[in-house]
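Novice: Compact mmCIF, C-alpha atoms, saved as model.txt, coming up:
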# COMPACT_ATOMS: atom_id res chain seq x y z
CA MET A 196 -50.10 65.48 -44.60
CA ALA A 197 -46.39 66.16 -44.27
CA VAL A 198 -45.69 62.50 -43.52
CA ALA A 199 -47.80 61.36 -46.45
CA ALA A 200 -46.08 63.86 -48.75
CA VAL A 201 -42.66 62.67 -47.67
CA ALA A 202 -43.68 59.04 -48.14
CA VAL A 203 -44.97 59.73 -51.62
CA ALA A 204 -41.87 61.72 -52.53
CA ALA A 205 -39.66 58.91 -51.25
CA ALA A 206 -41.63 56.34 -53.22
CA ASP A 207 -41.36 58.55 -56.29
CA ALA A 208 -37.61 58.76 -55.90
CA VAL A 209 -36.99 55.06 -55.35
CA GLY A 210 -39.82 54.01 -57.64
CA ALA A 211 -38.16 55.81 -60.50
CA GLY A 212 -35.13 53.59 -59.92
CA ALA A 213 -37.28 50.50 -59.71
CA GLU A 214 -38.73 51.23 -63.12
CA MET A 215 -35.21 50.92 -64.54
CA MET A 216 -35.15 47.25 -63.55
CA PRO A 217 -36.25 44.50 -65.98
CA ALA A 218 -39.99 44.47 -66.57
CA SER A 219 -41.84 42.19 -64.20
CA GLN A 220 -45.08 40.36 -64.79
CA ASP A 221 -46.40 41.84 -61.55
CA ARG A 222 -49.05 44.54 -61.88
CA VAL A 223 -50.53 47.23 -59.70
CA GLY A 224 -53.99 48.69 -60.00
CA ILE A 225 -56.86 50.20 -58.15
CA GLY A 226 -60.44 49.52 -57.20
CA TRP A 227 -62.86 51.35 -59.47
CA ARG A 228 -64.98 53.89 -57.61
CA PRO A 229 -67.13 56.56 -59.27
CA GLU A 230 -65.38 59.27 -57.24
CA LEU A 231 -61.99 58.17 -58.62
CA ALA A 232 -63.12 57.61 -62.20
CA ALA A 233 -61.73 60.78 -63.75
CA GLY A 234 -58.38 60.40 -61.99
CA ILE A 235 -58.07 56.75 -62.96
CA LEU A 236 -58.88 57.39 -66.62
CA GLU A 237 -56.34 60.19 -66.75
CA HIS A 238 -53.59 57.93 -65.43
CA LEU A 239 -54.10 54.59 -67.13
CA ASP A 240 -50.41 54.68 -68.07
CA GLU A 241 -49.63 54.12 -64.37
CA ILE A 242 -52.46 51.70 -63.63
CA ASN A 243 -52.05 48.14 -64.90
CA ALA A 244 -55.40 46.73 -63.81
CA ILE A 245 -58.78 47.75 -62.40
CA GLU A 246 -61.03 45.87 -60.04
CA VAL A 247 -64.74 46.61 -60.36
CA LEU A 248 -67.33 45.93 -57.66
CA ALA A 249 -69.55 43.54 -59.58
CA ASP A 250 -72.57 43.98 -57.33
CA ASP A 251 -72.85 47.61 -58.43
CA PHE A 252 -73.63 46.37 -61.96
CA PHE A 253 -76.00 43.48 -61.34
CA ASP A 254 -78.99 45.70 -62.08
CA ALA A 255 -77.19 47.95 -64.53
CA HIS A 256 -78.74 49.42 -67.66
CA ASP A 257 -77.28 48.58 -71.07
CA ARG A 258 -75.45 51.89 -71.26
CA GLU A 259 -73.69 51.13 -67.96
CA ILE A 260 -72.66 47.71 -69.22
CA ARG A 261 -71.37 49.28 -72.44
CA ALA A 262 -69.35 51.75 -70.39
CA LEU A 263 -67.86 48.93 -68.36
CA LYS A 264 -67.01 47.02 -71.56
CA THR A 265 -65.30 50.14 -72.86
CA LEU A 266 -63.26 50.27 -69.70
CA ALA A 267 -62.37 46.57 -70.02
CA SER A 268 -61.18 47.20 -73.57
CA GLN A 269 -58.67 49.76 -72.30
CA VAL A 270 -57.29 48.06 -69.20
CA PRO A 271 -57.49 44.57 -67.66
CA VAL A 272 -60.62 44.42 -65.51
CA MET A 273 -61.39 42.02 -62.67
CA LEU A 274 -64.87 41.63 -61.20
CA HIS A 275 -65.13 41.52 -57.41
CA GLY A 276 -68.27 40.26 -55.70
CA VAL A 277 -69.27 40.93 -52.11
CA ALA A 278 -72.67 39.35 -51.58
CA MET A 279 -72.53 35.65 -52.47
CA GLY A 280 -71.41 34.40 -49.08
CA LEU A 281 -69.71 31.37 -50.58
CA ALA A 282 -68.01 30.34 -47.34
CA ALA A 283 -71.35 29.74 -45.66
CA SER A 284 -71.95 26.43 -43.93
CA SER A 285 -75.05 25.82 -46.01
CA PRO A 286 -75.58 25.73 -49.80
CA VAL A 287 -75.72 29.15 -51.44
CA SER A 288 -78.75 29.75 -53.62
CA GLU A 289 -78.05 30.11 -57.34
CA ARG A 290 -79.91 33.40 -57.31
CA PHE A 291 -76.92 34.94 -55.57
CA ILE A 292 -74.48 33.48 -58.12
CA LYS A 293 -76.33 33.99 -61.42
CA PRO A 294 -75.95 37.79 -61.47
CA MET A 295 -72.17 37.32 -61.51
CA ALA A 296 -72.54 34.80 -64.36
CA TRP A 297 -74.66 37.35 -66.25
CA LEU A 298 -72.13 40.11 -65.78
CA TYR A 299 -69.13 37.87 -66.46
CA GLU A 300 -70.64 36.77 -69.76
CA ARG A 301 -71.18 40.37 -70.85
CA ILE A 302 -67.92 41.92 -69.70
CA ARG A 303 -65.56 38.96 -70.20
CA PRO A 304 -63.23 40.21 -67.47
CA GLU A 305 -59.82 38.81 -66.84
CA SER A 306 -61.04 37.09 -63.65
CA TRP A 307 -63.51 37.31 -60.81
CA SER A 308 -63.33 37.01 -57.06
CA GLU A 309 -65.42 36.67 -53.93
CA HIS A 310 -64.86 36.40 -50.18
CA LEU A 311 -64.28 33.66 -47.65
CA ALA A 312 -67.32 34.79 -45.72
CA PHE A 313 -70.98 34.27 -45.10
CA VAL A 314 -73.29 37.25 -45.51
CA ARG A 315 -76.68 35.79 -44.60
CA ALA A 316 -78.05 32.87 -42.64
CA GLY A 317 -81.43 31.73 -41.39
CA GLY A 318 -83.10 34.21 -43.71
CA ILE A 319 -81.29 37.18 -42.18
CA GLU A 320 -79.10 39.50 -44.25
CA ILE A 321 -76.08 40.66 -42.27
CA GLY A 322 -75.27 43.25 -44.89
CA HIS A 323 -71.58 42.54 -45.04
CA LEU A 324 -68.87 39.90 -44.74
CA ALA A 325 -68.87 37.74 -41.63
CA ALA A 326 -66.49 34.97 -40.64
CA PRO A 327 -68.11 31.53 -40.40
CA PRO A 328 -67.13 28.95 -37.77
CA ARG A 329 -63.87 27.50 -39.03
CA THR A 330 -64.73 23.81 -38.96
CA LEU A 331 -64.09 20.87 -41.28
CA GLN A 332 -67.81 20.74 -41.99
CA ASN A 333 -67.65 24.37 -43.08
CA VAL A 334 -64.63 23.65 -45.29
CA GLU A 335 -66.61 20.97 -47.11
CA CYS A 336 -69.68 23.13 -47.66
CA ALA A 337 -67.72 26.26 -48.58
CA SER A 338 -65.64 24.39 -51.14
CA GLN A 339 -68.80 22.92 -52.67
CA ASN A 340 -70.30 26.41 -52.88
CA ILE A 341 -67.17 27.70 -54.60
CA ARG A 342 -67.07 24.83 -57.08
CA ARG A 343 -70.74 25.33 -57.92
CA ALA A 344 -70.21 29.07 -58.37
CA ALA A 345 -67.30 28.31 -60.70
CA GLU A 346 -69.56 26.04 -62.78
CA ILE A 347 -72.35 28.60 -63.00
CA VAL A 348 -70.10 31.55 -63.81
CA GLY A 349 -67.88 29.53 -66.11
CA ALA A 350 -64.62 30.42 -64.38
CA LYS A 351 -63.07 29.73 -61.01
CA PRO A 352 -63.11 32.61 -58.56
CA SER A 353 -60.21 33.78 -56.46
CA MET A 354 -61.29 33.81 -52.83
CA GLU A 355 -60.37 36.65 -50.49
CA ASN A 356 -59.57 36.37 -46.80
CA ILE A 357 -61.67 38.78 -44.75
CA ALA A 358 -61.09 40.97 -41.71
CA THR A 359 -63.13 39.98 -38.70
CA LEU A 360 -63.52 41.64 -35.33
CA ILE A 361 -64.88 38.37 -33.97
CA VAL A 362 -63.19 35.03 -33.65
CA PRO A 363 -66.00 32.83 -34.96
CA PRO A 364 -67.39 30.67 -32.13
CA GLY A 365 -67.17 26.93 -32.57
CA SER A 366 -64.02 27.12 -34.70
CA GLU A 367 -61.80 24.04 -34.82
CA LEU A 368 -59.11 25.38 -37.15
CA PRO A 369 -56.86 28.44 -37.10
CA GLU A 370 -57.60 30.91 -39.88
CA SER A 371 -54.52 29.95 -41.90
CA ALA A 372 -55.31 26.21 -41.87
CA TRP A 373 -58.99 26.85 -42.61
CA THR A 374 -58.09 29.10 -45.55
CA ALA A 375 -55.61 26.59 -46.95
CA ALA A 376 -58.10 23.74 -46.60
CA ILE A 377 -60.81 25.56 -48.55
CA LEU A 378 -58.42 26.60 -51.33
CA GLU A 379 -57.27 23.01 -51.64
CA ALA A 380 -60.74 21.48 -51.54
CA ALA A 381 -62.17 24.02 -54.00
CA ASP A 382 -58.99 24.10 -56.10
CA CYS A 383 -59.04 27.88 -56.37
CA ASP A 384 -56.65 30.77 -55.89
CA LEU A 385 -56.35 33.18 -52.99
CA LEU A 386 -56.96 36.89 -53.29
CA LEU A 387 -54.79 37.85 -50.36
CA ASP A 388 -55.92 40.98 -48.54
CA LEU A 389 -52.88 42.12 -46.62
CA HIS A 390 -54.64 44.74 -44.51
CA ASN A 391 -57.10 42.07 -43.43
CA VAL A 392 -54.16 39.90 -42.37
CA LEU A 393 -52.70 42.85 -40.49
CA ALA A 394 -56.02 43.67 -38.81
CA ASN A 395 -56.79 40.08 -37.79
CA GLY A 396 -53.25 39.62 -36.53
CA SER A 397 -53.48 42.81 -34.49
CA ASN A 398 -56.96 42.12 -33.15
CA HIS A 399 -56.51 38.43 -32.43
CA SER A 400 -52.89 38.40 -31.31
CA TYR A 401 -51.06 36.56 -34.04
CA ASN A 402 -48.12 37.49 -36.17
CA PRO A 403 -49.21 38.50 -39.71
CA ALA A 404 -45.84 37.46 -41.11
CA SER A 405 -46.31 33.97 -39.68
CA PHE A 406 -49.80 33.80 -41.18
CA LEU A 407 -48.28 34.42 -44.61
CA ASN A 408 -45.85 31.55 -44.05
CA GLU A 409 -48.73 29.23 -43.21
CA ILE A 410 -50.86 29.75 -46.31
CA PRO A 411 -50.06 28.20 -49.71
CA SER A 412 -48.10 30.87 -51.56
CA GLU A 413 -48.51 29.00 -54.85
CA ARG A 414 -52.24 29.82 -54.73
CA ILE A 415 -51.75 33.58 -54.38
CA ARG A 416 -52.29 35.53 -57.59
CA GLY A 417 -54.06 38.66 -56.43
CA ILE A 418 -53.43 41.00 -53.54
CA HIS A 419 -55.47 43.75 -51.92
CA ILE A 420 -53.85 46.59 -50.05
CA ALA A 421 -55.76 49.16 -48.03
CA GLY A 422 -55.67 51.22 -44.87
CA GLY A 423 -57.71 51.40 -41.71
CA ARG A 424 -57.60 52.93 -38.26
CA PHE A 425 -57.35 51.93 -34.65
CA ILE A 426 -60.49 52.43 -32.60
CA SER A 427 -61.26 51.93 -28.95
CA ALA A 428 -63.58 49.03 -28.24
CA PRO A 429 -66.23 49.45 -25.52
CA ASP A 430 -64.03 47.44 -23.16
CA GLY A 431 -61.18 49.91 -23.68
CA ARG A 432 -59.01 47.69 -25.86
CA SER A 433 -57.71 48.91 -29.20
CA ARG A 434 -58.98 47.35 -32.40
CA LEU A 435 -57.73 47.82 -35.96
CA LEU A 436 -60.70 48.52 -38.23
CA ASP A 437 -60.37 47.69 -41.95
CA ASP A 438 -62.32 50.71 -43.18
CA HIS A 439 -60.52 51.44 -46.49
CA LEU A 440 -60.65 55.14 -45.62
CA HIS A 441 -56.97 55.67 -44.89
CA ASP A 442 -53.60 55.39 -46.60
CA VAL A 443 -51.92 52.01 -46.78
CA PRO A 444 -49.75 51.70 -43.66
CA ASP A 445 -46.09 50.68 -43.77
CA PRO A 446 -46.64 47.17 -42.34
CA VAL A 447 -48.85 46.32 -45.31
CA PHE A 448 -46.05 47.21 -47.72
CA ASP A 449 -43.71 45.05 -45.61
CA LEU A 450 -46.15 42.14 -45.92
CA LEU A 451 -46.38 42.78 -49.67
CA GLN A 452 -42.62 42.56 -49.95
CA GLN A 453 -42.65 39.32 -47.94
CA THR A 454 -45.35 37.88 -50.22
CA ALA A 455 -43.43 38.84 -53.35
CA ALA A 456 -40.36 37.13 -51.93
CA THR A 457 -42.13 33.78 -51.58
CA CYS A 458 -44.95 33.70 -54.14
CA PRO A 459 -44.02 31.94 -57.39
CA ASN A 460 -46.82 33.57 -59.43
CA PRO A 461 -47.10 36.95 -61.10
CA LEU A 462 -49.09 39.14 -58.74
CA THR A 463 -51.75 41.76 -59.35
CA VAL A 464 -51.95 44.23 -56.48
CA ILE A 465 -55.12 46.28 -56.12
CA LEU A 466 -55.37 49.36 -53.92
CA GLU A 467 -58.79 49.56 -52.25
CA ARG A 468 -60.12 52.95 -51.18
CA ASP A 469 -63.76 53.40 -50.26
CA GLY A 470 -63.97 57.02 -49.13
CA ALA A 471 -62.13 60.06 -47.72
CA TYR A 472 -60.52 60.14 -51.14
CA PRO A 473 -57.19 61.95 -51.36
CA PRO A 474 -56.03 63.60 -54.59
CA ILE A 475 -55.21 60.99 -57.23
CA PRO A 476 -51.43 61.71 -57.09
CA GLU A 477 -51.42 60.44 -53.51
CA LEU A 478 -53.10 57.20 -54.54
CA LEU A 479 -50.65 56.83 -57.43
CA GLY A 480 -47.87 57.33 -54.88
CA GLN A 481 -49.21 54.35 -52.95
CA LEU A 482 -49.23 52.31 -56.16
CA ARG A 483 -45.59 53.25 -56.68
CA ARG A 484 -44.79 52.11 -53.15
CA ALA A 485 -46.53 48.82 -53.95
CA ARG A 486 -44.39 48.44 -57.09
CA LEU A 487 -41.31 49.10 -55.00
CA ALA A 488 -42.31 46.48 -52.42
CA LEU A 489 -42.89 43.98 -55.23
CA THR A 490 -39.52 44.75 -56.77
CA ARG A 491 -37.72 44.40 -53.45
CA GLY A 492 -39.54 41.16 -52.65
CA ARG A 493 -38.75 39.67 -56.05
CA ALA A 494 -35.09 40.56 -55.52
CA GLN A 495 -35.17 38.40 -52.37
CA GLN A 496 -36.84 35.50 -54.12
CA LYS A 497 -34.90 32.25 -54.16
CA VAL A 498 -36.92 30.67 -56.99
CA PRO A 499 -37.23 32.81 -60.13
CA LEU A 500 -40.71 34.03 -60.97
CA GLY A 501 -42.72 31.52 -62.99
CA MET A 502 -40.56 28.51 -62.17
CA PRO A 503 -42.42 25.44 -60.89
CA VAL A 504 -42.05 24.87 -57.15
CA MET B 60 -71.63 21.16 -33.55
CA ASN B 61 -73.57 22.47 -36.53
CA PRO B 62 -71.82 25.51 -38.08
CA ALA B 63 -74.94 26.38 -40.10
CA SER B 64 -76.97 26.75 -36.89
CA LEU B 65 -74.25 28.90 -35.37
CA GLU B 66 -74.22 31.09 -38.47
CA SER B 67 -77.97 31.61 -38.26
CA PHE B 68 -77.68 32.67 -34.66
CA LEU B 69 -74.72 34.94 -35.39
CA ALA B 70 -76.64 36.58 -38.24
CA LEU B 71 -79.50 37.22 -35.84
CA ILE B 72 -77.42 38.91 -33.16
CA TYR B 73 -75.33 40.83 -35.74
CA ALA B 74 -78.37 42.32 -37.45
CA ASP B 75 -81.00 42.63 -34.72
CA PRO B 76 -80.23 44.93 -31.76
CA ALA B 77 -83.10 43.49 -29.72
CA ALA B 78 -81.82 39.92 -30.17
CA ARG B 79 -78.35 41.12 -29.26
CA ALA B 80 -79.65 42.68 -26.06
CA ARG B 81 -81.48 39.45 -25.16
CA PHE B 82 -78.29 37.50 -25.81
CA LYS B 83 -76.32 39.83 -23.55
CA ALA B 84 -78.85 39.40 -20.76
CA ASP B 85 -79.06 35.62 -21.03
CA PRO B 86 -76.60 34.03 -23.49
CA ALA B 87 -77.42 30.40 -22.72
CA GLY B 88 -81.17 30.99 -22.61
CA GLU B 89 -81.23 32.88 -25.88
CA ALA B 90 -79.16 30.17 -27.58
CA GLN B 91 -81.49 27.50 -26.23
CA ARG B 92 -84.57 29.39 -27.40
CA ALA B 93 -82.96 29.53 -30.88
CA GLY B 94 -82.72 25.73 -30.88
CA LEU B 95 -78.96 25.49 -30.45
CA SER B 96 -77.38 22.52 -28.70
CA PRO B 97 -75.68 22.90 -25.31
CA GLU B 98 -72.34 22.51 -27.12
CA GLU B 99 -73.20 25.33 -29.52
CA ALA B 100 -74.44 27.49 -26.66
CA LEU B 101 -71.16 26.92 -24.88
CA ALA B 102 -69.24 27.95 -28.00
CA LEU B 103 -71.26 31.17 -28.16
CA SER B 104 -70.39 31.95 -24.56
CA SER B 105 -66.82 32.58 -25.76
CA LEU B 106 -68.02 35.63 -27.73
CA ASN B 107 -66.51 38.85 -26.48
CA TRP B 108 -69.39 41.28 -25.94
CA SER B 109 -67.28 44.30 -26.74
CA ASP B 110 -66.17 42.80 -30.07
CA LEU B 111 -69.75 41.82 -30.82
CA GLN B 112 -70.89 45.40 -30.32
CA LEU B 113 -68.12 46.71 -32.57
CA ALA B 114 -68.79 44.16 -35.29
CA SER B 115 -72.53 44.83 -35.25
CA ARG B 116 -71.91 48.56 -35.51
CA SER B 117 -69.53 47.94 -38.42
CA PHE B 118 -72.13 45.80 -40.22
CA ALA B 119 -74.77 48.49 -39.71
CA ASN B 120 -72.41 51.13 -41.13
CA LYS B 121 -71.72 48.94 -44.16
CA ARG B 122 -75.43 48.51 -44.79
CA ARG B 123 -75.87 52.29 -44.70
CA ALA B 124 -72.86 52.88 -46.95
CA LYS B 125 -74.16 50.41 -49.54
CA SER B 126 -77.45 52.25 -49.81
CA LEU B 127 -75.55 55.48 -50.49
CA SER B 128 -72.99 54.09 -52.94
CA LYS B 129 -75.38 53.58 -55.84
CA ARG B 130 -76.01 57.31 -56.03
CA GLY B 131 -72.65 58.02 -57.64
CA ARG B 132 -72.83 55.41 -60.34
CA GLY B 133 -73.69 57.74 -63.21
CA LEU B 134 -70.58 59.86 -62.70
CA TRP B 135 -68.08 57.51 -64.26
CA GLN B 136 -70.21 56.90 -67.34
CA ARG B 137 -69.95 60.59 -68.05
CA CYS B 138 -66.17 60.32 -67.62
CA LEU B 139 -66.00 57.42 -70.06
CA ARG B 140 -68.13 59.26 -72.61
CA ALA B 141 -65.79 62.23 -72.31
CA LEU B 142 -62.80 59.94 -72.83
CA ARG B 143 -64.33 58.41 -75.95
CA LEU B 144 -65.07 61.82 -77.38
CA ALA B 145 -61.54 62.99 -76.66
CA SER B 146 -59.85 59.99 -78.27
Please render this file's structure as structure tokens.
Specialist:
Amino acid sequence: MAVAAVAVAAADAVGAGAEMMPASQDRVGIGWRPELAAGILEHLDEINAIEVLADDFFDAHDREIRALKTLASQVPVMLHGVAMGLAASSPVSERFIKPMAWLYERIRPESWSEHLAFVRAGGIEIGHLAAPPRTLQNVECASQNIRRAAEIVGAKPSMENIATLIVPPGSELPESAWTAAILEAADCDLLLDLHNVLANGSNHSYNPASFLNEIPSERIRGIHIAGGRFISAPDGRSRLLDDHLHDVPDPVFDLLQQTAATCPNPLTVILERDGAYPPIPELLGQLRRARLALTRGRAQQKVPLGMPV
Amino acid sequence: MNPASLESFLALIYADPAARARFKADPAGEAQRAGLSPEEALALSSLNWSDLQLASRSFANKRRAKSLSKRGRGLWQRCLRALRLAS
């Protein structure tokens, strides 16, 4: 608690200075969760964007849709899907895509996103995001899935890198090359989850900073930040779990600064928190730290923001 | 190597504890019974059992969390209504 308080106070102090700098096109926001609703609505002056879990609204009543539209009229809203499984190595049924099209049409959000993952195969629902074998065949099928989803929804998705405890068997490509190949083949942007990069780097022995250098920075427009915890695996090794239940750790802010230093696009950074909710001022403190990291990264940038590269 | 076949097998051992136990006891045999090629069975042999256990537990937790998350959905509508009334 003391450490968190000091970190927030420090971010407050420096963040106040950062706000004196020229306005940037970068934005910071938070993932919409019912438990955070009151705090978010009270502090929209400090929150530039909100990401909504689309799947929570696929069976929503009219009044829920109206409420979401009201929210979207007050602050930029992005829809985030978790159950399409667009990076599967087989075609994704339209029945998993059409609900997003339905919601997108009604809400008219700023953008939508999904994950570089499969979530079902052979008629079995895994229940969450799993990493597919990183092969060229997968790249082809995943990119076709993404293109088809873009056609059905009427807008291209940004695709998010996932955390995985398992190196997918049968993989031919490293994660960075596989990610870049899908983005290129599908012609879509990357929603870069920096805690997922940190977790995969920690769990699979690669340098997260190097990973960032290997992916196409010109395709990054959105960023997720979150926290997790180290757990002991049954074999005694330590594993970093991306549970979204903890504060954003320092290395994630370092990676954010690195990304801001190299990415030519305006960035929207979303803080993801899925439980063990702290008081809203602590979450706002993490948003201020994100702003600070963006500001510092932009100050290091060799090419001015928005210039063609 | 057929990544779709591998995904089907992975989904099975992620979601089904009994299939996972059979795979632990006889990885090559279980892969063969699932119709995978020797090459695909060999690829599966690289799976770290400890990581597989952790990942499966994480997936199970996510499934449980999802079933709970819908309960809180009405809360924010009340917040929005309050906001509209206040403005």
Novice: Work out how far CA of Gly470 in chain A is from CA of Arg424 in chain A, in Å to one decimal.
Specialist: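 Distance between the two atoms: 13.2 Å.
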Novice: Report as JSON, numbers by chain the set of chain A residues whose atoms approach chain B to within 6 Å, with distances computed over all atoms listed in the file.
Specialist: {"A": [229, 232, 233, 284, 285, 316, 317, 321, 322, 323, 328, 360, 364, 365, 429, 430]}
Novice: Kindly export the residues of the current selection with C-alpha atoms, as a PDB file, in the frame of the given file.
Specialist:
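Contents of selection.pdb, as written:
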ATOM      1  CA  PRO A 229     -67.130  56.560 -59.270  1.00  0.00           C
ATOM      2  CA  ALA A 232     -63.120  57.610 -62.200  1.00  0.00           C
ATOM      3  CA  ALA A 233     -61.730  60.780 -63.750  1.00  0.00           C
ATOM      4  CA  SER A 284     -71.950  26.430 -43.930  1.00  0.00           C
ATOM      5  CA  SER A 285     -75.050  25.820 -46.010  1.00  0.00           C
ATOM      6  CA  ALA A 316     -78.050  32.870 -42.640  1.00  0.00           C
ATOM      7  CA  GLY A 317     -81.430  31.730 -41.390  1.00  0.00           C
ATOM      8  CA  ILE A 321     -76.080  40.660 -42.270  1.00  0.00           C
ATOM      9  CA  GLY A 322     -75.270  43.250 -44.890  1.00  0.00           C
ATOM     10  CA  HIS A 323     -71.580  42.540 -45.040  1.00  0.00           C
ATOM     11  CA  PRO A 328     -67.130  28.950 -37.770  1.00  0.00           C
ATOM     12  CA  LEU A 360     -63.520  41.640 -35.330  1.00  0.00           C
ATOM     13  CA  PRO A 364     -67.390  30.670 -32.130  1.00  0.00           C
ATOM     14  CA  GLY A 365     -67.170  26.930 -32.570  1.00  0.00           C
ATOM     15  CA  PRO A 429     -66.230  49.450 -25.520  1.00  0.00           C
ATOM     16  CA  ASP A 430     -64.030  47.440 -23.160  1.00  0.00           C
TER      17      ASP A 430
END
Novice: When you count only C-alpha atoms, which of these residues is closest to Arg493 in chain A: A:Gln220, A:Arg290, A:His419, A:Leu407?
Specialist: A:Gln220
Novice: To one decimal place, how far is CA of Glu355 in chain A from CA of Pro474 in chain A in Å?
Specialist: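 Separating CA of Glu355 in chain A from CA of Pro474 in chain A is a distance of 27.6 Å.
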Novice: Tell me, in Å to one decimal, how far CA of Leu435 in chain A is from CA of Pro403 in chain A.
Specialist: 13.2 Å
Novice: Within 8 Å of Gly492 in chain A, counting all atoms listed in the file, which residues show up once you throw out same-chain ones fewer than 2 positions away? Write them as a PDB file with C-alpha atoms, keeping the file's coordinate frame, please.
Specialist:
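What ended up in part_26.pdb:
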ATOM      1  CA  LEU A 451     -46.380  42.780 -49.670  1.00  0.00           C
ATOM      2  CA  GLN A 452     -42.620  42.560 -49.950  1.00  0.00           C
ATOM      3  CA  GLN A 453     -42.650  39.320 -47.940  1.00  0.00           C
ATOM      4  CA  THR A 454     -45.350  37.880 -50.220  1.00  0.00           C
ATOM      5  CA  ALA A 455     -43.430  38.840 -53.350  1.00  0.00           C
ATOM      6  CA  ALA A 456     -40.360  37.130 -51.930  1.00  0.00           C
ATOM      7  CA  THR A 457     -42.130  33.780 -51.580  1.00  0.00           C
ATOM      8  CA  ALA A 488     -42.310  46.480 -52.420  1.00  0.00           C
ATOM      9  CA  LEU A 489     -42.890  43.980 -55.230  1.00  0.00           C
ATOM     10  CA  THR A 490     -39.520  44.750 -56.770  1.00  0.00           C
ATOM     11  CA  ALA A 494     -35.090  40.560 -55.520  1.00  0.00           C
ATOM     12  CA  GLN A 495     -35.170  38.400 -52.370  1.00  0.00           C
ATOM     13  CA  GLN A 496     -36.840  35.500 -54.120  1.00  0.00           C
TER      14      GLN A 496
END
Novice: Go through A:Gly417, A:Val270, A:Leu440, A:Leu368 and flag the residue nearest Pro473 in chain A, using all atoms listed in the file for the distances.
Specialist: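 Selected residue with least distance to Pro473 in chain A: A:Leu440.
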Novice: Can you tell me which residues surround Leu436 in chain A at a distance of at most 12 Å, considering all atoms listed in the file, apart from same-chain residues fewer than 5 positions away, and format the answer as a ChimeraX atom specification?
Specialist: /A:357-361,390-398,421-428,441 /B:110,113-114,116-118
Novice: Which one of A:Phe291, A:Leu331, A:Glu370, A:Glu477 sits closest to Val314 in chain A if you count only C-alpha atoms?
Specialist: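 Checking each candidate against Val314 in chain A, we get A:Phe291 as the closest.
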Novice: Draw an axis-aligned box tight on the listed atoms of range 357-364 of chain A, then pad every side by 3 Å and write out centre and edge lengths in Å to one decimal as AutoDock Vina command-line options.
Specialist:
--center_x -64.2 --center_y 36.2 --center_z -38.4 --size_x 12.3 --size_y 17.0 --size_z 18.6
Novice: Name all residues at most 10 Å from Leu479 in chain A (count all atoms listed in the file; drop same-chain ones fewer than 5 positions away) and give them as a CSV table (one decimal) with C-alpha atoms, in the coordinates of the input.
Specialist:
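Final output, out-v2.csv:
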chain,number,residue,atom,x,y,z
A,203,VAL,CA,-45.0,59.7,-51.6
A,206,ALA,CA,-41.6,56.3,-53.2
A,207,ASP,CA,-41.4,58.6,-56.3
A,223,VAL,CA,-50.5,47.2,-59.7
A,224,GLY,CA,-54.0,48.7,-60.0
A,225,ILE,CA,-56.9,50.2,-58.2
A,234,GLY,CA,-58.4,60.4,-62.0
A,235,ILE,CA,-58.1,56.8,-63.0
A,238,HIS,CA,-53.6,57.9,-65.4
A,241,GLU,CA,-49.6,54.1,-64.4
A,242,ILE,CA,-52.5,51.7,-63.6
A,466,LEU,CA,-55.4,49.4,-53.9
A,474,PRO,CA,-56.0,63.6,-54.6
A,484,ARG,CA,-44.8,52.1,-53.2
A,485,ALA,CA,-46.5,48.8,-54.0
